[in-house]
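**Q** See entry_10.cif below, with mmCIF, C-alpha atoms, pLDDT in the B column; chains and numbers go by the auth columns.
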```cif
data_final
loop_
_atom_site.group_PDB
_atom_site.id
_atom_site.type_symbol
_atom_site.label_atom_id
_atom_site.label_comp_id
_atom_site.label_asym_id
_atom_site.label_seq_id
_atom_site.Cartn_x
_atom_site.Cartn_y
_atom_site.Cartn_z
_atom_site.B_iso_or_equiv
_atom_site.auth_seq_id
_atom_site.auth_asym_id
ATOM 1 C CA MET A 1 142.359 215.948 -21.147 92.00 193 P
ATOM 2 C CA ILE A 2 139.078 214.467 -19.893 96.00 194 P
ATOM 3 C CA THR A 3 135.795 216.146 -20.804 97.00 195 P
ATOM 4 C CA ILE A 4 132.914 215.799 -18.322 96.00 196 P
ATOM 5 C CA VAL A 5 129.528 216.122 -20.037 97.00 197 P
ATOM 6 C CA ASP A 6 127.398 218.898 -18.553 95.00 198 P
ATOM 7 C CA TYR A 7 123.726 218.415 -19.393 93.00 199 P
ATOM 8 C CA GLY A 8 122.353 220.128 -16.311 87.00 200 P
ATOM 9 C CA MET A 9 122.169 217.010 -14.121 82.00 201 P
ATOM 10 C CA GLY A 10 124.811 215.236 -12.119 75.00 202 P
ATOM 11 C CA ASN A 11 127.526 215.912 -9.593 78.00 203 P
ATOM 12 C CA LEU A 12 129.811 217.509 -12.145 87.00 204 P
ATOM 13 C CA ARG A 13 132.053 219.493 -9.845 88.00 205 P
ATOM 14 C CA SER A 14 132.678 216.565 -7.499 92.00 206 P
ATOM 15 C CA VAL A 15 133.761 214.414 -10.446 94.00 207 P
ATOM 16 C CA GLN A 16 136.031 217.206 -11.679 95.00 208 P
ATOM 17 C CA LYS A 17 137.511 217.721 -8.194 94.00 209 P
ATOM 18 C CA ALA A 18 138.175 213.999 -7.836 94.00 210 P
ATOM 19 C CA CYS A 19 140.046 214.048 -11.144 94.00 211 P
ATOM 20 C CA GLU A 20 142.056 217.078 -10.057 93.00 212 P
ATOM 21 C CA ARG A 21 143.057 215.348 -6.804 92.00 213 P
ATOM 22 C CA VAL A 22 145.013 212.752 -8.789 90.00 214 P
ATOM 23 C CA GLY A 23 146.469 215.283 -11.218 92.00 215 P
ATOM 24 C CA ILE A 24 144.032 214.735 -14.085 92.00 216 P
ATOM 25 C CA ASP A 25 143.229 217.672 -16.335 93.00 217 P
ATOM 26 C CA ALA A 26 139.417 217.643 -16.578 95.00 218 P
ATOM 27 C CA ARG A 27 136.961 220.198 -17.926 95.00 219 P
ATOM 28 C CA VAL A 28 133.184 220.397 -17.608 95.00 220 P
ATOM 29 C CA SER A 29 131.483 221.202 -20.907 95.00 221 P
ATOM 30 C CA SER A 30 128.072 221.308 -22.567 95.00 222 P
ATOM 31 C CA ASP A 31 129.564 222.389 -25.897 95.00 223 P
ATOM 32 C CA ARG A 32 128.735 219.904 -28.667 95.00 224 P
ATOM 33 C CA GLY A 33 131.985 220.628 -30.471 95.00 225 P
ATOM 34 C CA GLU A 34 134.145 220.020 -27.412 96.00 226 P
ATOM 35 C CA ILE A 35 132.269 216.813 -26.610 96.00 227 P
ATOM 36 C CA ALA A 36 132.551 215.626 -30.221 95.00 228 P
ATOM 37 C CA THR A 37 136.324 216.085 -30.248 96.00 229 P
ATOM 38 C CA ALA A 38 137.000 214.934 -26.674 97.00 230 P
ATOM 39 C CA GLU A 39 139.927 212.587 -26.153 97.00 231 P
ATOM 40 C CA LYS A 40 138.218 210.983 -23.153 97.00 232 P
ATOM 41 C CA LEU A 41 134.634 211.468 -22.024 98.00 233 P
ATOM 42 C CA ILE A 42 132.874 211.061 -18.666 97.00 234 P
ATOM 43 C CA LEU A 43 129.069 211.000 -18.539 97.00 235 P
ATOM 44 C CA PRO A 44 128.011 211.377 -14.885 95.00 236 P
ATOM 45 C CA GLY A 45 124.469 211.512 -13.627 88.00 237 P
ATOM 46 C CA VAL A 46 122.180 211.628 -10.631 86.00 238 P
ATOM 47 C CA GLY A 47 118.411 211.993 -10.588 87.00 239 P
ATOM 48 C CA ALA A 48 115.606 210.683 -12.772 93.00 240 P
ATOM 49 C CA PHE A 49 116.303 208.755 -15.975 96.00 241 P
ATOM 50 C CA ARG A 50 113.441 210.481 -17.822 96.00 242 P
ATOM 51 C CA ASP A 51 114.757 213.979 -17.114 95.00 243 P
ATOM 52 C CA ALA A 52 118.361 213.078 -17.894 95.00 244 P
ATOM 53 C CA ILE A 53 117.706 211.502 -21.284 96.00 245 P
ATOM 54 C CA ALA A 54 115.376 214.385 -22.177 96.00 246 P
ATOM 55 C CA GLU A 55 118.128 216.899 -21.402 95.00 247 P
ATOM 56 C CA LEU A 56 120.663 215.042 -23.534 96.00 248 P
ATOM 57 C CA HIS A 57 118.268 215.210 -26.481 96.00 249 P
ATOM 58 C CA LYS A 58 117.268 218.813 -25.795 96.00 250 P
ATOM 59 C CA GLN A 59 120.890 219.950 -25.747 95.00 251 P
ATOM 60 C CA GLU A 60 121.700 217.839 -28.840 96.00 252 P
ATOM 61 C CA LEU A 61 124.391 215.900 -27.010 97.00 253 P
ATOM 62 C CA VAL A 62 123.247 212.384 -27.923 97.00 254 P
ATOM 63 C CA GLU A 63 124.925 212.327 -31.342 97.00 255 P
ATOM 64 C CA PRO A 64 128.419 213.395 -30.187 97.00 256 P
ATOM 65 C CA ILE A 65 128.278 210.982 -27.229 98.00 257 P
ATOM 66 C CA LEU A 66 127.284 208.059 -29.454 98.00 258 P
ATOM 67 C CA ALA A 67 129.940 209.000 -32.014 97.00 259 P
ATOM 68 C CA HIS A 68 132.589 209.067 -29.279 97.00 260 P
ATOM 69 C CA ILE A 69 131.604 205.576 -28.122 98.00 261 P
ATOM 70 C CA ALA A 70 131.379 204.241 -31.691 97.00 262 P
ATOM 71 C CA ALA A 71 134.923 205.505 -32.357 97.00 263 P
ATOM 72 C CA ASP A 72 136.067 203.462 -29.313 97.00 264 P
ATOM 73 C CA ARG A 73 137.547 206.501 -27.614 98.00 265 P
ATOM 74 C CA PRO A 74 137.727 206.115 -23.804 98.00 266 P
ATOM 75 C CA PHE A 75 134.306 206.636 -22.216 98.00 267 P
ATOM 76 C CA LEU A 76 133.210 206.370 -18.588 98.00 268 P
ATOM 77 C CA GLY A 77 129.570 206.453 -17.517 98.00 269 P
ATOM 78 C CA ILE A 78 128.819 206.961 -13.829 97.00 270 P
ATOM 79 C CA CYS A 79 125.562 205.854 -12.127 96.00 271 P
ATOM 80 C CA LEU A 80 122.816 207.319 -14.335 96.00 272 P
ATOM 81 C CA GLY A 81 125.527 207.609 -16.989 97.00 273 P
ATOM 82 C CA LEU A 82 125.608 203.807 -16.985 98.00 274 P
ATOM 83 C CA GLN A 83 121.849 203.356 -17.002 98.00 275 P
ATOM 84 C CA MET A 84 121.315 205.665 -19.979 98.00 276 P
ATOM 85 C CA LEU A 85 123.479 203.367 -22.123 98.00 277 P
ATOM 86 C CA LEU A 86 120.760 200.702 -22.039 98.00 278 P
ATOM 87 C CA GLU A 87 117.809 200.454 -24.428 98.00 279 P
ATOM 88 C CA VAL A 88 115.005 201.203 -21.985 98.00 280 P
ATOM 89 C CA SER A 89 114.421 202.208 -18.365 98.00 281 P
ATOM 90 C CA HIS A 90 111.363 201.327 -16.283 97.00 282 P
ATOM 91 C CA GLU A 91 111.919 204.109 -13.760 96.00 283 P
ATOM 92 C CA ASP A 92 108.522 205.776 -13.192 93.00 284 P
ATOM 93 C CA GLY A 93 107.295 204.634 -16.610 95.00 285 P
ATOM 94 C CA ARG A 94 109.022 203.402 -19.740 97.00 286 P
ATOM 95 C CA TYR A 95 111.680 205.573 -21.366 97.00 287 P
ATOM 96 C CA ASP A 96 114.078 204.925 -24.221 98.00 288 P
ATOM 97 C CA GLY A 97 117.781 205.112 -23.487 98.00 289 P
ATOM 98 C CA LEU A 98 120.771 205.500 -25.806 98.00 290 P
ATOM 99 C CA ALA A 99 120.593 201.815 -26.830 98.00 291 P
ATOM 100 C CA VAL A 100 124.360 201.334 -26.804 98.00 292 P
ATOM 101 C CA ILE A 101 123.890 198.173 -24.750 98.00 293 P
ATOM 102 C CA PRO A 102 120.893 195.873 -25.362 98.00 294 P
ATOM 103 C CA GLY A 103 118.936 195.456 -22.145 98.00 295 P
ATOM 104 C CA GLU A 104 116.879 197.350 -19.618 98.00 296 P
ATOM 105 C CA VAL A 105 117.029 199.260 -16.354 98.00 297 P
ATOM 106 C CA VAL A 106 114.890 197.728 -13.609 98.00 298 P
ATOM 107 C CA ARG A 107 114.080 198.407 -9.967 97.00 299 P
ATOM 108 C CA PHE A 108 115.332 196.374 -7.061 97.00 300 P
ATOM 109 C CA PRO A 109 112.637 194.062 -5.718 95.00 301 P
ATOM 110 C CA ASP A 110 111.014 194.934 -2.402 91.00 302 P
ATOM 111 C CA PHE A 111 113.172 193.254 0.213 92.00 303 P
ATOM 112 C CA GLU A 112 111.986 192.430 3.717 87.00 304 P
ATOM 113 C CA GLU A 113 115.291 193.275 5.375 90.00 305 P
ATOM 114 C CA LEU A 114 117.035 195.591 2.893 95.00 306 P
ATOM 115 C CA LYS A 115 116.073 199.175 2.167 95.00 307 P
ATOM 116 C CA VAL A 116 115.682 200.563 -1.329 96.00 308 P
ATOM 117 C CA PRO A 117 117.475 202.680 -2.460 96.00 309 P
ATOM 118 C CA HIS A 118 120.683 200.751 -2.079 97.00 310 P
ATOM 119 C CA MET A 119 122.817 203.367 -0.369 97.00 311 P
ATOM 120 C CA GLY A 120 126.305 202.947 1.020 97.00 312 P
ATOM 121 C CA TRP A 121 129.429 200.858 0.563 98.00 313 P
ATOM 122 C CA ASN A 122 129.482 197.548 -1.279 98.00 314 P
ATOM 123 C CA ARG A 123 132.045 195.215 -2.799 97.00 315 P
ATOM 124 C CA LEU A 124 132.570 194.200 -6.405 96.00 316 P
ATOM 125 C CA LYS A 125 132.808 190.656 -7.761 95.00 317 P
ATOM 126 C CA VAL A 126 135.096 191.291 -10.713 94.00 318 P
ATOM 127 C CA SER A 127 134.964 189.287 -13.955 90.00 319 P
ATOM 128 C CA GLY A 128 138.334 188.862 -15.652 89.00 320 P
ATOM 129 C CA GLU A 129 141.064 191.465 -16.003 91.00 321 P
ATOM 130 C CA GLN A 130 139.683 194.996 -15.861 95.00 322 P
ATOM 131 C CA PRO A 131 142.071 197.854 -16.705 95.00 323 P
ATOM 132 C CA LEU A 132 140.001 200.360 -14.717 96.00 324 P
ATOM 133 C CA LEU A 133 140.494 198.253 -11.584 96.00 325 P
ATOM 134 C CA ALA A 134 144.271 197.838 -11.920 96.00 326 P
ATOM 135 C CA GLY A 135 145.961 198.242 -8.551 95.00 327 P
ATOM 136 C CA ILE A 136 142.651 198.021 -6.664 95.00 328 P
ATOM 137 C CA PRO A 137 142.235 195.121 -4.196 88.00 329 P
ATOM 138 C CA ASP A 138 139.650 192.465 -5.069 83.00 330 P
ATOM 139 C CA ASP A 139 137.785 193.099 -1.810 81.00 331 P
ATOM 140 C CA ALA A 140 137.614 196.893 -2.233 91.00 332 P
ATOM 141 C CA TYR A 141 134.414 198.738 -1.350 97.00 333 P
ATOM 142 C CA PHE A 142 132.803 201.388 -3.558 98.00 334 P
ATOM 143 C CA TYR A 143 129.979 203.827 -2.800 98.00 335 P
ATOM 144 C CA PHE A 144 126.484 203.298 -4.260 98.00 336 P
ATOM 145 C CA VAL A 145 123.233 205.289 -4.286 97.00 337 P
ATOM 146 C CA HIS A 146 120.506 203.825 -6.522 97.00 338 P
ATOM 147 C CA SER A 147 117.104 202.146 -6.661 97.00 339 P
ATOM 148 C CA TYR A 148 117.466 200.805 -10.211 97.00 340 P
ATOM 149 C CA TYR A 149 120.123 198.643 -11.840 98.00 341 P
ATOM 150 C CA VAL A 150 121.031 197.569 -15.365 98.00 342 P
ATOM 151 C CA ALA A 151 120.150 194.159 -16.806 98.00 343 P
ATOM 152 C CA PRO A 152 122.150 193.804 -20.058 98.00 344 P
ATOM 153 C CA GLN A 153 121.236 191.010 -22.455 97.00 345 P
ATOM 154 C CA ASP A 154 124.870 190.388 -23.398 95.00 346 P
ATOM 155 C CA GLN A 155 126.671 189.040 -20.366 95.00 347 P
ATOM 156 C CA SER A 156 130.057 189.586 -22.004 96.00 348 P
ATOM 157 C CA VAL A 157 129.840 193.302 -21.124 97.00 349 P
ATOM 158 C CA VAL A 158 129.537 192.559 -17.395 97.00 350 P
ATOM 159 C CA ALA A 159 132.794 193.591 -15.739 97.00 351 P
ATOM 160 C CA ALA A 160 131.630 193.293 -12.128 96.00 352 P
ATOM 161 C CA THR A 161 128.586 192.488 -10.042 97.00 353 P
ATOM 162 C CA SER A 162 127.642 193.274 -6.454 97.00 354 P
ATOM 163 C CA ASP A 163 125.303 191.671 -3.941 97.00 355 P
ATOM 164 C CA TYR A 164 122.307 193.518 -2.534 97.00 356 P
ATOM 165 C CA GLY A 165 119.700 190.861 -1.935 96.00 357 P
ATOM 166 C CA ILE A 166 120.382 189.809 -5.520 96.00 358 P
ATOM 167 C CA ASP A 167 123.473 189.896 -7.698 97.00 359 P
ATOM 168 C CA PHE A 168 123.252 193.028 -9.825 98.00 360 P
ATOM 169 C CA VAL A 169 125.569 194.447 -12.471 98.00 361 P
ATOM 170 C CA SER A 170 127.762 197.138 -10.923 98.00 362 P
ATOM 171 C CA MET A 171 130.195 197.708 -13.798 98.00 363 P
ATOM 172 C CA ILE A 172 130.269 197.116 -17.546 98.00 364 P
ATOM 173 C CA ALA A 173 133.118 197.199 -20.049 98.00 365 P
ATOM 174 C CA ARG A 174 133.350 196.836 -23.816 97.00 366 P
ATOM 175 C CA GLY A 175 136.463 197.982 -25.624 96.00 367 P
ATOM 176 C CA ASN A 176 137.222 201.469 -24.320 97.00 368 P
ATOM 177 C CA MET A 177 133.687 201.973 -23.019 98.00 369 P
ATOM 178 C CA PHE A 178 133.285 201.572 -19.273 98.00 370 P
ATOM 179 C CA ALA A 179 130.453 202.425 -16.904 98.00 371 P
ATOM 180 C CA THR A 180 129.886 202.000 -13.192 98.00 372 P
ATOM 181 C CA GLN A 181 126.769 201.925 -11.047 98.00 373 P
ATOM 182 C CA PHE A 182 128.850 203.102 -8.104 98.00 374 P
ATOM 183 C CA HIS A 183 130.314 206.587 -7.728 97.00 375 P
ATOM 184 C CA PRO A 184 134.122 206.617 -8.085 96.00 376 P
ATOM 185 C CA GLU A 185 134.207 210.275 -7.022 96.00 377 P
ATOM 186 C CA LYS A 186 132.625 209.299 -3.681 96.00 378 P
ATOM 187 C CA SER A 187 134.659 206.121 -3.191 97.00 379 P
ATOM 188 C CA GLN A 188 137.775 207.630 -1.627 96.00 380 P
ATOM 189 C CA LYS A 189 141.153 206.099 -2.543 96.00 381 P
ATOM 190 C CA VAL A 190 139.868 203.237 -4.702 97.00 382 P
ATOM 191 C CA GLY A 191 137.608 205.592 -6.638 97.00 383 P
ATOM 192 C CA LEU A 192 140.463 208.006 -7.252 97.00 384 P
ATOM 193 C CA ARG A 193 142.611 205.106 -8.470 97.00 385 P
ATOM 194 C CA LEU A 194 139.856 204.075 -10.896 97.00 386 P
ATOM 195 C CA LEU A 195 139.705 207.605 -12.322 97.00 387 P
ATOM 196 C CA LYS A 196 143.487 207.673 -12.624 96.00 388 P
ATOM 197 C CA ASN A 197 143.392 204.337 -14.476 97.00 389 P
ATOM 198 C CA PHE A 198 140.779 205.776 -16.837 97.00 390 P
ATOM 199 C CA ALA A 199 142.923 208.833 -17.520 96.00 391 P
ATOM 200 C CA GLU A 200 145.872 206.581 -18.370 95.00 392 P
ATOM 201 C CA LEU A 201 144.021 204.464 -20.946 93.00 393 P
#
```
Render the structure in this file as structure tokens.
**A**
Amino acid sequence: MITIVDYGMGNLRSVQKACERVGIDARVSSDRGEIATAEKLILPGVGAFRDAIAELHKQELVEPILAHIAADRPFLGICLGLQMLLEVSHEDGRYDGLAVIPGEVVRFPDFEELKVPHMGWNRLKVSGEQPLLAGIPDDAYFYFVHSYYVAPQDQSVVAATSDYGIDFVSMIARGNMFATQFHPEKSQKVGLRLLKNFAEL
């Protein structure tokens, strides 16, 4: 069973439907008890960092999420669910994150030829063996929508990078904690395979 954290923001149903398409039993929940005892946890997210982190605190979901990660139970952050793992975000101000990963969330520079937000399909440059990417071709494309990206201090957590004017971190991994800047639920077959790999951890 996978529990998808419902804190009022994020494409919860699309993540749940993507899980169901590959036969994964997934429930959406905002219940602290269910989140605290979850076997596997997905933290999705779209929207503003400030609002998302405020909702997690308001609904008292920070503690069970951090406890889940600290216990090294399988965790997957998606998009904003990745960014909130960092110490601080500079999106429209300065806001504290969950501080699971030392580092910050910063905006893409203003490119002359590339539009921000980065929106569309992009490839991963994978570092080492990544269990979430098992069975996925090295040149696979995943779907992105974001103006900010994570800059972790510890490069050992970087599982993959992508190129959009600069090399940016598109996936992190540490133990059973994984997080992606891209949206697996919008990435067709390769995204579904990633979710299936997560369910099989």
**Q** From the options P:Gly383, P:Pro256, P:Gly312, P:Gly239, which residue's atoms come nearest to P:Gln275, counting all atoms listed in the file?
**A**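 Checking each of P:Gly383, P:Pro256, P:Gly312, P:Gly239 against P:Gln275, counting all atoms listed in the file, the winner is P:Gly239.
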**Q** Name the residues that the PyMOL selection byres ((chain P and resi 269) around 6) pulls out of this structure, and write them as a PyMOL selection string.
**A** chain P and resi 234-236+268+270+273-274+371
**Q** Using only C-alpha atoms, determine which residues lie at most 9 Å from stretch 317-325 of chain P, disregarding the query and same-chain residues fewer than 5 positions distant; provide the list as number ranges by chain.
**A** P: 330-331, 350-355, 362-363, 365, 370, 382, 385-390, 393
**Q** In Å to one decimal, how far is atom CA of P:Ser379 from atom CA of P:Ile358?
**A**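 Atom CA of P:Ser379 lies 21.8 Å from atom CA of P:Ile358.
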**Q** Determine, counting only C-alpha atoms, which protein, DNA and RNA residues have an atom within 8 Å of an atom of P:Val207; residues of the same chain fewer than 4 positions away are not included. Present the result as an mmCIF file with C-alpha atoms, in the coordinates of the input.
**A**
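File produced: out.cif:
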```cif
data_model
loop_
_atom_site.group_PDB
_atom_site.id
_atom_site.type_symbol
_atom_site.label_atom_id
_atom_site.label_comp_id
_atom_site.auth_asym_id
_atom_site.auth_seq_id
_atom_site.Cartn_x
_atom_site.Cartn_y
_atom_site.Cartn_z
ATOM 1 C CA ASN P 203 127.526 215.912 -9.593
ATOM 2 C CA CYS P 211 140.046 214.048 -11.144
ATOM 3 C CA PRO P 236 128.011 211.377 -14.885
ATOM 4 C CA GLU P 377 134.207 210.275 -7.022
#
```
**Q** Quick one: everything within 9 Å of P:Arg299, counting only C-alpha atoms, minus sequence neighbours fewer than 3 positions away in the same chain. Send it as a list of chain:residue names.
**A**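 In the requested format, the answer is P:His282, P:Glu283, P:Asp302, P:Ser339, P:Tyr340, P:Tyr341, P:Val342.
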**Q** Go ahead and dump the residues you just picked, C-alpha atoms, as a PDB file, in the coordinates of the input.
**A**
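Saved as part38.pdb:
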```pdb
ATOM      1  CA  HIS P 282     111.363 201.327 -16.283  1.00 97.00           C
ATOM      2  CA  GLU P 283     111.919 204.109 -13.760  1.00 96.00           C
ATOM      3  CA  ASP P 302     111.014 194.934  -2.402  1.00 91.00           C
ATOM      4  CA  SER P 339     117.104 202.146  -6.661  1.00 97.00           C
ATOM      5  CA  TYR P 340     117.466 200.805 -10.211  1.00 97.00           C
ATOM      6  CA  TYR P 341     120.123 198.643 -11.840  1.00 98.00           C
ATOM      7  CA  VAL P 342     121.031 197.569 -15.365  1.00 98.00           C
TER       8      VAL P 342
END
```
**Q** Could you spell out the hits of the PyMOL selection byres ((chain P and resi 210) around 9) on the shown file, as a list in words?
**A**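 On the file shown, the PyMOL selection byres ((chain P and resi 210) around 9) covers Arg205, Ser206, Val207, Gln208, Lys209, Cys211, Glu212, Arg213, Val214, Ile216, Pro376, Glu377, Lys378, Gln380, Gly383, Leu384 and Leu387 of chain P.
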**Q** Using all atoms listed in the file, which of P:Ala332, P:Asn314, P:Val349, P:Leu277 sits nearest P:Ala291?
**A** P:Leu277
**Q** Can you give me, as a PyMOL selection string, the residues this file yields under the PyMOL selection byres ((chain P and resi 240) around 10)?
**A** chain P and resi 201+237-239+241-245+272+283-284
**Q** Would you mind reading off the distance between atom CA of P:Arg224 and atom CA of P:Phe267, one decimal, in Å?
**A**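 Between atom CA of P:Arg224 and atom CA of P:Phe267 the gap is 15.8 Å.
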**Q** Find the residues near P:Ile227: any atom within 12 Å, counting all atoms listed in the file, skip ones fewer than 3 places away on the same chain, and give them as a VMD selection string.
**A** chain P and resid 193 to 199 219 to 224 230 to 235 251 to 261 265 267
**Q** Under the rule that all atoms listed in the file are counted, which of P:Thr229, P:Val337, P:Ala343, P:Gly357 is the nearest residue to P:Pro266?
**A**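 The answer is P:Thr229, which sits nearest to P:Pro266.
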**Q** Would you compute the box with edges along x, y and z of the file around stretch 299-308 of chain P, including every atom the file lists for it and 3 Å extra on each side, and give its centre and edge lengths in Å to one decimal, as JSON?
**A**
```
{"center_x": 114.0, "center_y": 196.5, "center_z": -2.3, "size_x": 12.0, "size_y": 14.1, "size_z": 21.3}
```
**Q** Could you model all heavy atoms for stretch 362-371 of chain P and present them as a JSON list (two decimals), in the frame of the given file?
**A**
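This is the output file part30.json:
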```json
[["chain", "number", "residue", "atom", "x", "y", "z"],
["P", 362, "SER", "N", 127.25, 195.89, -11.49],
["P", 362, "SER", "CA", 127.76, 197.14, -10.92],
["P", 362, "SER", "C", 128.81, 197.81, -11.80],
["P", 362, "SER", "O", 129.20, 198.95, -11.54],
["P", 362, "SER", "CB", 128.34, 196.89, -9.52],
["P", 362, "SER", "OG", 129.22, 195.79, -9.52],
["P", 363, "MET", "N", 129.24, 197.11, -12.88],
["P", 363, "MET", "CA", 130.20, 197.71, -13.80],
["P", 363, "MET", "C", 130.13, 196.97, -15.12],
["P", 363, "MET", "O", 130.00, 195.74, -15.15],
["P", 363, "MET", "CB", 131.61, 197.64, -13.22],
["P", 363, "MET", "CG", 132.69, 198.25, -14.09],
["P", 363, "MET", "SD", 134.30, 198.23, -13.24],
["P", 363, "MET", "CE", 135.37, 198.69, -14.60],
["P", 364, "ILE", "N", 130.21, 197.72, -16.23],
["P", 364, "ILE", "CA", 130.27, 197.12, -17.55],
["P", 364, "ILE", "C", 131.52, 197.60, -18.26],
["P", 364, "ILE", "O", 132.08, 198.65, -17.94],
["P", 364, "ILE", "CB", 129.02, 197.42, -18.40],
["P", 364, "ILE", "CG1", 128.94, 198.91, -18.74],
["P", 364, "ILE", "CG2", 127.75, 196.95, -17.72],
["P", 364, "ILE", "CD1", 127.95, 199.22, -19.84],
["P", 365, "ALA", "N", 131.95, 196.82, -19.24],
["P", 365, "ALA", "CA", 133.12, 197.20, -20.05],
["P", 365, "ALA", "C", 132.99, 196.55, -21.42],
["P", 365, "ALA", "O", 132.63, 195.39, -21.54],
["P", 365, "ALA", "CB", 134.41, 196.76, -19.37],
["P", 366, "ARG", "N", 133.30, 197.34, -22.44],
["P", 366, "ARG", "CA", 133.35, 196.84, -23.82],
["P", 366, "ARG", "C", 134.31, 197.73, -24.61],
["P", 366, "ARG", "O", 134.03, 198.90, -24.81],
["P", 366, "ARG", "CB", 131.97, 196.85, -24.47],
["P", 366, "ARG", "CG", 131.93, 196.15, -25.84],
["P", 366, "ARG", "CD", 130.56, 196.22, -26.46],
["P", 366, "ARG", "NE", 130.25, 197.56, -26.94],
["P", 366, "ARG", "CZ", 129.04, 197.95, -27.34],
["P", 366, "ARG", "NH1", 128.02, 197.10, -27.28],
["P", 366, "ARG", "NH2", 128.85, 199.18, -27.78],
["P", 367, "GLY", "N", 135.45, 197.16, -24.98],
["P", 367, "GLY", "CA", 136.46, 197.98, -25.62],
["P", 367, "GLY", "C", 136.91, 199.08, -24.69],
["P", 367, "GLY", "O", 137.29, 198.82, -23.54],
["P", 368, "ASN", "N", 136.85, 200.32, -25.16],
["P", 368, "ASN", "CA", 137.22, 201.47, -24.32],
["P", 368, "ASN", "C", 136.03, 202.13, -23.67],
["P", 368, "ASN", "O", 136.15, 203.25, -23.15],
["P", 368, "ASN", "CB", 138.00, 202.50, -25.16],
["P", 368, "ASN", "CG", 139.46, 202.14, -25.31],
["P", 368, "ASN", "OD1", 140.09, 201.67, -24.36],
["P", 368, "ASN", "ND2", 140.00, 202.34, -26.49],
["P", 369, "MET", "N", 134.88, 201.47, -23.69],
["P", 369, "MET", "CA", 133.69, 201.97, -23.02],
["P", 369, "MET", "C", 133.54, 201.28, -21.67],
["P", 369, "MET", "O", 133.50, 200.05, -21.58],
["P", 369, "MET", "CB", 132.43, 201.71, -23.86],
["P", 369, "MET", "CG", 131.14, 202.19, -23.20],
["P", 369, "MET", "SD", 129.67, 201.72, -24.15],
["P", 369, "MET", "CE", 129.66, 199.93, -23.89],
["P", 370, "PHE", "N", 133.46, 202.08, -20.63],
["P", 370, "PHE", "CA", 133.28, 201.57, -19.27],
["P", 370, "PHE", "C", 132.15, 202.34, -18.60],
["P", 370, "PHE", "O", 131.91, 203.51, -18.92],
["P", 370, "PHE", "CB", 134.57, 201.76, -18.46],
["P", 370, "PHE", "CG", 135.79, 201.17, -19.09],
["P", 370, "PHE", "CD1", 136.57, 201.92, -19.98],
["P", 370, "PHE", "CD2", 136.16, 199.87, -18.83],
["P", 370, "PHE", "CE1", 137.69, 201.38, -20.58],
["P", 370, "PHE", "CE2", 137.29, 199.31, -19.42],
["P", 370, "PHE", "CZ", 138.05, 200.07, -20.29],
["P", 371, "ALA", "N", 131.48, 201.71, -17.66],
["P", 371, "ALA", "CA", 130.45, 202.42, -16.90],
["P", 371, "ALA", "C", 130.25, 201.72, -15.57],
["P", 371, "ALA", "O", 130.32, 200.49, -15.48],
["P", 371, "ALA", "CB", 129.14, 202.50, -17.68]]
```
